[in-house]
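*Asks:* Just work-v9.cif, nothing more (mmCIF, C-alpha atoms; chains and numbers go by the auth columns):
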```cif
data_input
#
loop_
_atom_site.group_PDB
_atom_site.id
_atom_site.type_symbol
_atom_site.label_atom_id
_atom_site.label_comp_id
_atom_site.label_asym_id
_atom_site.label_seq_id
_atom_site.Cartn_x
_atom_site.Cartn_y
_atom_site.Cartn_z
_atom_site.B_iso_or_equiv
_atom_site.auth_seq_id
_atom_site.auth_asym_id
ATOM 1 C CA MET A 1 -21.978 16.030 -10.532 0.00 1 A
ATOM 2 C CA ASN A 2 -25.418 14.452 -10.683 0.00 2 A
ATOM 3 C CA ILE A 3 -25.752 10.882 -11.900 0.00 3 A
ATOM 4 C CA TYR A 4 -29.310 9.768 -12.566 0.00 4 A
ATOM 5 C CA VAL A 5 -29.897 6.046 -12.258 0.00 5 A
ATOM 6 C CA ILE A 6 -33.643 5.510 -12.601 0.00 6 A
ATOM 7 C CA MET A 7 -36.250 7.879 -13.962 0.00 7 A
ATOM 8 C CA ASP A 8 -39.961 7.035 -14.054 0.00 8 A
ATOM 9 C CA GLY A 9 -39.204 3.406 -13.254 0.00 9 A
ATOM 10 C CA VAL A 10 -36.696 2.965 -16.113 0.00 10 A
ATOM 11 C CA VAL A 11 -32.950 2.382 -15.762 0.00 11 A
ATOM 12 C CA LEU A 12 -31.259 5.116 -17.739 0.00 12 A
ATOM 13 C CA HIS A 13 -29.141 4.000 -20.665 0.00 13 A
ATOM 14 C CA GLN A 14 -25.899 5.706 -19.574 0.00 14 A
ATOM 15 C CA LEU A 15 -25.430 3.206 -16.731 0.00 15 A
ATOM 16 C CA LEU A 16 -25.604 0.351 -19.210 0.00 16 A
ATOM 17 C CA ASP A 17 -22.905 1.914 -21.400 0.00 17 A
ATOM 18 C CA PRO A 18 -19.620 -0.036 -20.958 0.00 18 A
ATOM 19 C CA ASN A 19 -17.707 3.280 -21.140 0.00 19 A
ATOM 20 C CA PHE A 20 -19.738 4.988 -18.399 0.00 20 A
ATOM 21 C CA GLU A 21 -17.170 4.456 -15.630 0.00 21 A
ATOM 22 C CA LYS A 22 -14.317 5.606 -17.874 0.00 22 A
ATOM 23 C CA ASN A 23 -15.977 9.029 -18.155 0.00 23 A
ATOM 24 C CA LEU A 24 -16.178 9.557 -14.386 0.00 24 A
ATOM 25 C CA PRO A 25 -13.389 11.591 -12.795 0.00 25 A
ATOM 26 C CA VAL A 26 -11.135 10.278 -10.031 0.00 26 A
ATOM 27 C CA ILE A 27 -12.649 11.421 -6.736 0.00 27 A
ATOM 28 C CA PRO A 28 -10.205 13.974 -5.241 0.00 28 A
ATOM 29 C CA SER A 29 -8.555 13.400 -1.864 0.00 29 A
ATOM 30 C CA GLU A 30 -10.498 16.291 -0.269 0.00 30 A
ATOM 31 C CA VAL A 31 -13.789 14.456 -0.894 0.00 31 A
ATOM 32 C CA THR A 32 -14.414 12.009 1.943 0.00 32 A
ATOM 33 C CA ALA A 33 -18.059 11.188 1.188 0.00 33 A
ATOM 34 C CA VAL A 34 -20.499 11.225 -1.720 0.00 34 A
ATOM 35 C CA ASN A 35 -24.176 12.052 -1.188 0.00 35 A
ATOM 36 C CA PHE A 36 -26.934 10.345 -3.153 0.00 36 A
ATOM 37 C CA THR A 37 -30.561 11.443 -3.390 0.00 37 A
ATOM 38 C CA TRP A 38 -33.171 8.906 -4.375 0.00 38 A
ATOM 39 C CA LYS A 39 -36.899 8.303 -4.365 0.00 39 A
ATOM 40 C CA ALA A 40 -39.248 5.564 -5.471 0.00 40 A
ATOM 41 C CA GLY A 41 -42.186 7.862 -6.175 0.00 41 A
ATOM 42 C CA GLU A 42 -45.611 7.962 -4.584 0.00 42 A
ATOM 43 C CA ASN A 43 -47.061 4.886 -6.279 0.00 43 A
ATOM 44 C CA ARG A 44 -43.898 2.788 -6.510 0.00 44 A
ATOM 45 C CA ASN A 45 -42.736 0.009 -4.191 0.00 45 A
ATOM 46 C CA TYR A 46 -39.023 -0.643 -4.618 0.00 46 A
ATOM 47 C CA THR A 47 -36.647 -2.503 -2.339 0.00 47 A
ATOM 48 C CA TYR A 48 -32.878 -2.216 -2.485 0.00 48 A
ATOM 49 C CA MET A 49 -29.857 -4.214 -1.412 0.00 49 A
ATOM 50 C CA PHE A 50 -26.236 -3.116 -1.438 0.00 50 A
ATOM 51 C CA TYR A 51 -24.518 -6.350 -2.421 0.00 51 A
ATOM 52 C CA GLU A 52 -21.000 -4.980 -2.795 0.00 52 A
ATOM 53 C CA LEU A 53 -19.025 -2.279 -0.986 0.00 53 A
ATOM 54 C CA GLN A 54 -15.404 -3.137 -1.586 0.00 54 A
ATOM 55 C CA SER A 55 -11.978 -1.535 -1.841 0.00 55 A
ATOM 56 C CA TYR A 56 -9.468 -3.200 -4.150 0.00 56 A
ATOM 57 C CA ASN A 57 -6.538 -1.323 -2.604 0.00 57 A
ATOM 58 C CA LYS A 58 -6.961 -1.823 1.157 0.00 58 A
ATOM 59 C CA ASP A 59 -3.486 -0.409 1.811 0.00 59 A
ATOM 60 C CA ILE A 60 -4.715 2.974 0.444 0.00 60 A
ATOM 61 C CA LEU A 61 -8.513 2.970 0.890 0.00 61 A
ATOM 62 C CA ASN A 62 -10.832 1.280 3.375 0.00 62 A
ATOM 63 C CA SER A 63 -14.069 -0.228 2.074 0.00 63 A
ATOM 64 C CA PRO A 64 -16.906 2.275 1.513 0.00 64 A
ATOM 65 C CA ILE A 65 -19.413 2.743 4.343 0.00 65 A
ATOM 66 C CA ILE A 66 -23.071 3.610 3.731 0.00 66 A
ATOM 67 C CA SER A 67 -25.133 5.747 6.113 0.00 67 A
ATOM 68 C CA ILE A 68 -28.259 3.599 5.652 0.00 68 A
ATOM 69 C CA SER A 69 -29.128 -0.035 6.175 0.00 69 A
ATOM 70 C CA PRO A 70 -27.604 -2.330 3.512 0.00 70 A
ATOM 71 C CA SER A 71 -31.129 -3.370 2.475 0.00 71 A
ATOM 72 C CA GLY A 72 -34.634 -1.949 2.779 0.00 72 A
ATOM 73 C CA HIS A 73 -37.285 0.042 0.932 0.00 73 A
ATOM 74 C CA VAL A 74 -36.393 2.891 -1.410 0.00 74 A
ATOM 75 C CA PRO A 75 -38.097 5.952 0.134 0.00 75 A
ATOM 76 C CA ARG A 76 -41.150 7.370 -1.637 0.00 76 A
ATOM 77 C CA LYS A 77 -39.977 10.981 -1.186 0.00 77 A
ATOM 78 C CA PRO A 78 -36.515 12.360 -2.070 0.00 78 A
ATOM 79 C CA THR A 79 -34.122 11.216 0.627 0.00 79 A
ATOM 80 C CA GLU A 80 -30.375 11.618 0.872 0.00 80 A
ATOM 81 C CA PHE A 81 -27.861 9.032 2.019 0.00 81 A
ATOM 82 C CA GLU A 82 -24.093 9.153 2.213 0.00 82 A
ATOM 83 C CA VAL A 83 -21.311 6.848 1.080 0.00 83 A
ATOM 84 C CA LEU A 84 -18.142 7.431 3.089 0.00 84 A
ATOM 85 C CA ILE A 85 -14.912 6.665 1.219 0.00 85 A
ATOM 86 C CA PRO A 86 -12.223 6.658 3.927 0.00 86 A
ATOM 87 C CA CYS A 87 -8.561 6.711 2.983 0.00 87 A
ATOM 88 C CA VAL A 88 -6.088 4.774 5.123 0.00 88 A
ATOM 89 C CA GLY A 89 -4.320 7.243 7.426 0.00 89 A
ATOM 90 C CA ASN A 90 -0.763 7.527 6.151 0.00 90 A
ATOM 91 C CA THR A 91 -0.672 6.470 2.503 0.00 91 A
ATOM 92 C CA SER A 92 -1.085 8.162 -0.862 0.00 92 A
ATOM 93 C CA GLY A 93 -2.239 6.899 -4.236 0.00 93 A
ATOM 94 C CA VAL A 94 -5.264 6.159 -6.386 0.00 94 A
ATOM 95 C CA ALA A 95 -7.491 3.334 -5.154 0.00 95 A
ATOM 96 C CA THR A 96 -10.316 1.493 -6.891 0.00 96 A
ATOM 97 C CA PHE A 97 -13.558 0.621 -5.118 0.00 97 A
ATOM 98 C CA THR A 98 -16.969 -0.723 -6.083 0.00 98 A
ATOM 99 C CA LEU A 99 -20.542 0.002 -5.123 0.00 99 A
ATOM 100 C CA GLY A 100 -23.044 -2.712 -6.013 0.00 100 A
ATOM 101 C CA LEU A 101 -26.767 -1.999 -5.674 0.00 101 A
ATOM 102 C CA ARG A 102 -29.775 -4.109 -6.633 0.00 102 A
ATOM 103 C CA ILE A 103 -33.252 -2.539 -6.893 0.00 103 A
ATOM 104 C CA VAL A 104 -36.392 -4.674 -7.134 0.00 104 A
ATOM 105 C CA ASN A 105 -39.903 -3.553 -8.113 0.00 105 A
ATOM 106 C CA GLU A 106 -42.020 -5.185 -5.388 0.00 106 A
ATOM 107 C CA ASP A 107 -45.273 -4.657 -7.271 0.00 107 A
ATOM 108 C CA VAL A 108 -44.300 -7.207 -9.911 0.00 108 A
ATOM 109 C CA ASN A 109 -41.410 -8.900 -8.042 0.00 109 A
ATOM 110 C CA GLN A 110 -39.042 -7.931 -10.852 0.00 110 A
ATOM 111 C CA ASN A 111 -35.365 -7.014 -10.673 0.00 111 A
ATOM 112 C CA LEU A 112 -35.488 -3.409 -11.865 0.00 112 A
ATOM 113 C CA ALA A 113 -31.765 -2.660 -11.797 0.00 113 A
ATOM 114 C CA THR A 114 -28.464 -4.176 -10.809 0.00 114 A
ATOM 115 C CA ILE A 115 -25.908 -1.401 -10.703 0.00 115 A
ATOM 116 C CA ARG A 116 -22.223 -2.001 -10.068 0.00 116 A
ATOM 117 C CA LEU A 117 -20.046 1.083 -10.239 0.00 117 A
ATOM 118 C CA LYS A 118 -16.269 0.756 -10.198 0.00 118 A
ATOM 119 C CA LEU A 119 -14.857 4.108 -9.103 0.00 119 A
ATOM 120 C CA GLN A 120 -11.477 5.573 -8.239 0.00 120 A
ATOM 121 C CA LYS A 121 -10.461 7.729 -5.267 0.00 121 A
ATOM 122 C CA GLN A 122 -7.275 9.763 -4.816 0.00 122 A
ATOM 123 C CA CYS A 123 -5.788 9.544 -1.320 0.00 123 A
ATOM 124 C CA SER A 124 -3.090 11.989 -0.215 0.00 124 A
ATOM 125 C CA TYR A 125 -1.209 11.690 3.035 0.00 125 A
ATOM 126 C CA ARG A 126 -0.513 15.004 4.681 0.00 126 A
ATOM 127 C CA GLY A 127 2.175 14.428 7.253 0.00 127 A
ATOM 128 C CA PRO A 128 2.886 16.580 10.280 0.00 128 A
ATOM 129 C CA ASP A 129 3.486 20.232 9.530 0.00 129 A
ATOM 130 C CA PRO A 130 6.563 21.364 11.479 0.00 130 A
ATOM 131 C CA GLU A 131 5.716 25.035 10.852 0.00 131 A
ATOM 132 C CA CYS A 132 2.323 24.594 12.518 0.00 132 A
ATOM 133 C CA ASP A 133 3.967 22.962 15.551 0.00 133 A
ATOM 134 C CA LYS A 134 6.420 25.871 15.852 0.00 134 A
ATOM 135 C CA LYS A 135 3.641 28.466 15.791 0.00 135 A
ATOM 136 C CA CYS A 136 1.712 26.710 18.575 0.00 136 A
ATOM 137 C CA GLY A 137 4.333 27.276 21.270 0.00 137 A
ATOM 138 C CA ASN A 138 3.231 25.166 24.244 0.00 138 A
ATOM 139 C CA GLY A 139 0.088 23.982 22.481 0.00 139 A
ATOM 140 C CA LYS A 140 -0.257 21.167 19.983 0.00 140 A
ATOM 141 C CA CYS A 141 -1.052 21.516 16.299 0.00 141 A
ATOM 142 C CA ASN A 142 -4.140 19.668 15.061 0.00 142 A
ATOM 143 C CA GLN A 143 -2.775 18.213 11.818 0.00 143 A
ATOM 144 C CA ASP A 144 -6.262 17.907 10.292 0.00 144 A
ATOM 145 C CA THR A 145 -7.293 21.560 10.761 0.00 145 A
ATOM 146 C CA PHE A 146 -3.803 23.093 11.199 0.00 146 A
ATOM 147 C CA GLN A 147 -5.015 25.006 14.265 0.00 147 A
ATOM 148 C CA CYS A 148 -3.370 25.191 17.684 0.00 148 A
ATOM 149 C CA VAL A 149 -5.024 23.244 20.482 0.00 149 A
ATOM 150 C CA CYS A 150 -4.237 24.090 24.089 0.00 150 A
ATOM 151 C CA ALA A 151 -4.025 21.515 26.870 0.00 151 A
ATOM 152 C CA THR A 152 -7.063 21.250 29.158 0.00 152 A
ATOM 153 C CA GLY A 153 -7.226 24.128 31.619 0.00 153 A
ATOM 154 C CA ILE A 154 -4.901 26.362 29.593 0.00 154 A
ATOM 155 C CA SER A 155 -6.090 29.155 27.386 0.00 155 A
ATOM 156 C CA ARG A 156 -4.247 31.278 24.877 0.00 156 A
ATOM 157 C CA HIS A 157 -3.743 34.943 25.752 0.00 157 A
ATOM 158 C CA TYR A 158 -2.294 37.491 23.467 0.00 158 A
ATOM 159 C CA ALA A 159 -0.269 40.406 24.746 0.00 159 A
ATOM 160 C CA ARG A 160 0.158 43.584 22.841 0.00 160 A
ATOM 161 C CA VAL A 161 3.513 45.270 23.195 0.00 161 A
ATOM 162 C CA LEU A 162 3.371 49.077 22.961 0.00 162 A
#
```
Kindly present the structure from the file in structure tokens form.
*Replies:*
Amino acid sequence: MNIYVIMDGVVLHQLLDPNFEKNLPVIPSEVTAVNFTWKAGENRNYTYMFYELQSYNKDILNSPIISISPSGHVPRKPTEFEVLIPCVGNTSGVATFTLGLRIVNEDVNQNLATIRLKLQKQCSYRGPDPECDKKCGNGKCNQDTFQCVCATGISRHYARVL
């Protein structure tokens, strides 16, 4: 899903619609990060500041983490950054979180946009898989990838019985 925030220096009307957030889907548990692409344009000087990165359900979801500095200059060329949305390890449920971003046009020292998105994320706890542990024999099952991991210095060998 692509969400366009600013085009040609203008905040797009859908972000100002009070029903905008209601039309966004709940982010599924498999999605651990959301990538954003942005650019100021060749002749534009914009600064940004993330003023809010908050989880409202800290027992289910940790606060979002951004892969860039919380404030700086919006890049002139298309650049991607990531927002990590980490679930708490052993809980399930739907959590609400917010992303708050302010963008200022430096050329005229004008607040171009203040965007505050309230989003929801599904978290699903996948407990240990006893079947995976049984299949590993003397190894240990990695519960994230469901693959067998051998202890250091031990390798898995397969024998073929004729």
*Asks:* Have a look at A:Thr32, A:Asn43, A:Asn111, A:Asn23 and name the one nearest to Leu61 of chain A; count only C-alpha atoms.
*Replies:*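 Of A:Thr32, A:Asn43, A:Asn111, A:Asn23, the one nearest Leu61 of chain A is A:Thr32, counting only C-alpha atoms.
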*Asks:* At what distance in Å, to one decimal, does atom CA of Tyr56 of chain A lie from atom CA of Val88 of chain A?
*Replies:*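 Going from atom CA of Val88 of chain A over to atom CA of Tyr56 of chain A covers 12.7 Å.
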*Asks:* The PyMOL selection byres ((chain A and resi 41) around 8) - which residues does that actually catch in the file I just gave you? List them as a VMD selection string.
*Replies:* chain A and resid 39 to 40 42 to 44 75 to 77
*Asks:* Could you dump the residues just selected with C-alpha atoms as a PDB file, in the coordinates of the input?
*Replies:*
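Result file again-v7.pdb:
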```
ATOM      1  CA  LYS A  39     -36.899   8.303  -4.365  1.00  0.00           C
ATOM      2  CA  ALA A  40     -39.248   5.564  -5.471  1.00  0.00           C
ATOM      3  CA  GLU A  42     -45.611   7.962  -4.584  1.00  0.00           C
ATOM      4  CA  ASN A  43     -47.061   4.886  -6.279  1.00  0.00           C
ATOM      5  CA  ARG A  44     -43.898   2.788  -6.510  1.00  0.00           C
ATOM      6  CA  PRO A  75     -38.097   5.952   0.134  1.00  0.00           C
ATOM      7  CA  ARG A  76     -41.150   7.370  -1.637  1.00  0.00           C
ATOM      8  CA  LYS A  77     -39.977  10.981  -1.186  1.00  0.00           C
TER       9      LYS A  77
END
```
*Asks:* For the atom pair atom CA of Phe36 of chain A and atom CA of Asn105 of chain A, what is the interatomic distance in Å to one decimal place?
*Replies:*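 Computing it gives 19.6 Å between the two atoms.
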*Asks:* Atom CA of Lys121 of chain A and atom CA of Gly89 of chain A are how many Å apart?
*Replies:*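 The value is 14.1 Å.
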*Asks:* Have a look at A:Met49, A:Cys123, A:Cys148, A:Leu24 and name the one nearest to Ser69 of chain A; count all atoms listed in the file.
*Replies:*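 The closest residue to Ser69 of chain A is A:Met49.
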*Asks:* Measuring atom to atom with only C-alpha atoms, identify which of A:Leu84, A:Ile115, A:Pro78, A:Leu101 is nearest to Pro64 of chain A.
*Replies:* A:Leu84
*Asks:* So which residues get picked by the PyMOL selection byres ((chain A and resi 59) around 9) here, written as a PDB file with C-alpha atoms, in the frame of the given file?
*Replies:*
```pdb
ATOM      1  CA  TYR A  56      -9.468  -3.200  -4.150  1.00  0.00           C
ATOM      2  CA  ASN A  57      -6.538  -1.323  -2.604  1.00  0.00           C
ATOM      3  CA  LYS A  58      -6.961  -1.823   1.157  1.00  0.00           C
ATOM      4  CA  ILE A  60      -4.715   2.974   0.444  1.00  0.00           C
ATOM      5  CA  LEU A  61      -8.513   2.970   0.890  1.00  0.00           C
ATOM      6  CA  ASN A  62     -10.832   1.280   3.375  1.00  0.00           C
ATOM      7  CA  CYS A  87      -8.561   6.711   2.983  1.00  0.00           C
ATOM      8  CA  VAL A  88      -6.088   4.774   5.123  1.00  0.00           C
ATOM      9  CA  THR A  91      -0.672   6.470   2.503  1.00  0.00           C
ATOM     10  CA  ALA A  95      -7.491   3.334  -5.154  1.00  0.00           C
TER      11      ALA A  95
END
```
*Asks:* For each of A:Gln110, A:Asn19, A:Thr37, A:Gln122, take the minimum atom-to-atom distance to Pro86 of chain A, counting all atoms listed in the file, then give the residue where this is smallest.
*Replies:*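 Of the candidates, the smallest distance to Pro86 of chain A is held by A:Gln122.
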*Asks:* Compute the distance from (-34.8, -4.6, -8.8) to each atom, counting all atoms listed in the file, keep the residues with any atom at most 12 Å away, and return them as number ranges by chain; use the coordinates of the file.
*Replies:* A: 6, 9-11, 40, 44-50, 71-74, 101-115
*Asks:* For each of A:Gln54, A:Thr98, A:Thr79, A:Ser92, take the minimum atom-to-atom distance to Trp38 of chain A, counting only C-alpha atoms, then give the residue where this is smallest.
*Replies:*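 Smallest separation from Trp38 of chain A among the options: A:Thr79.
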*Asks:* Can you sort out the box for segment 65-83 of chain A, edges along x, y and z, all listed atoms in, 5 Å on every side, with centre and edge lengths in Å to one decimal, as JSON?
*Replies:*
```
{"center_x": -30.3, "center_y": 4.5, "center_z": 2.1, "size_x": 31.7, "size_y": 25.7, "size_z": 18.2}
```
*Asks:* When you count all atoms listed in the file, which of these residues is closest to Val94 of chain A: A:Pro25, A:Ile68, A:Leu117, A:Leu53?
*Replies:* A:Pro25
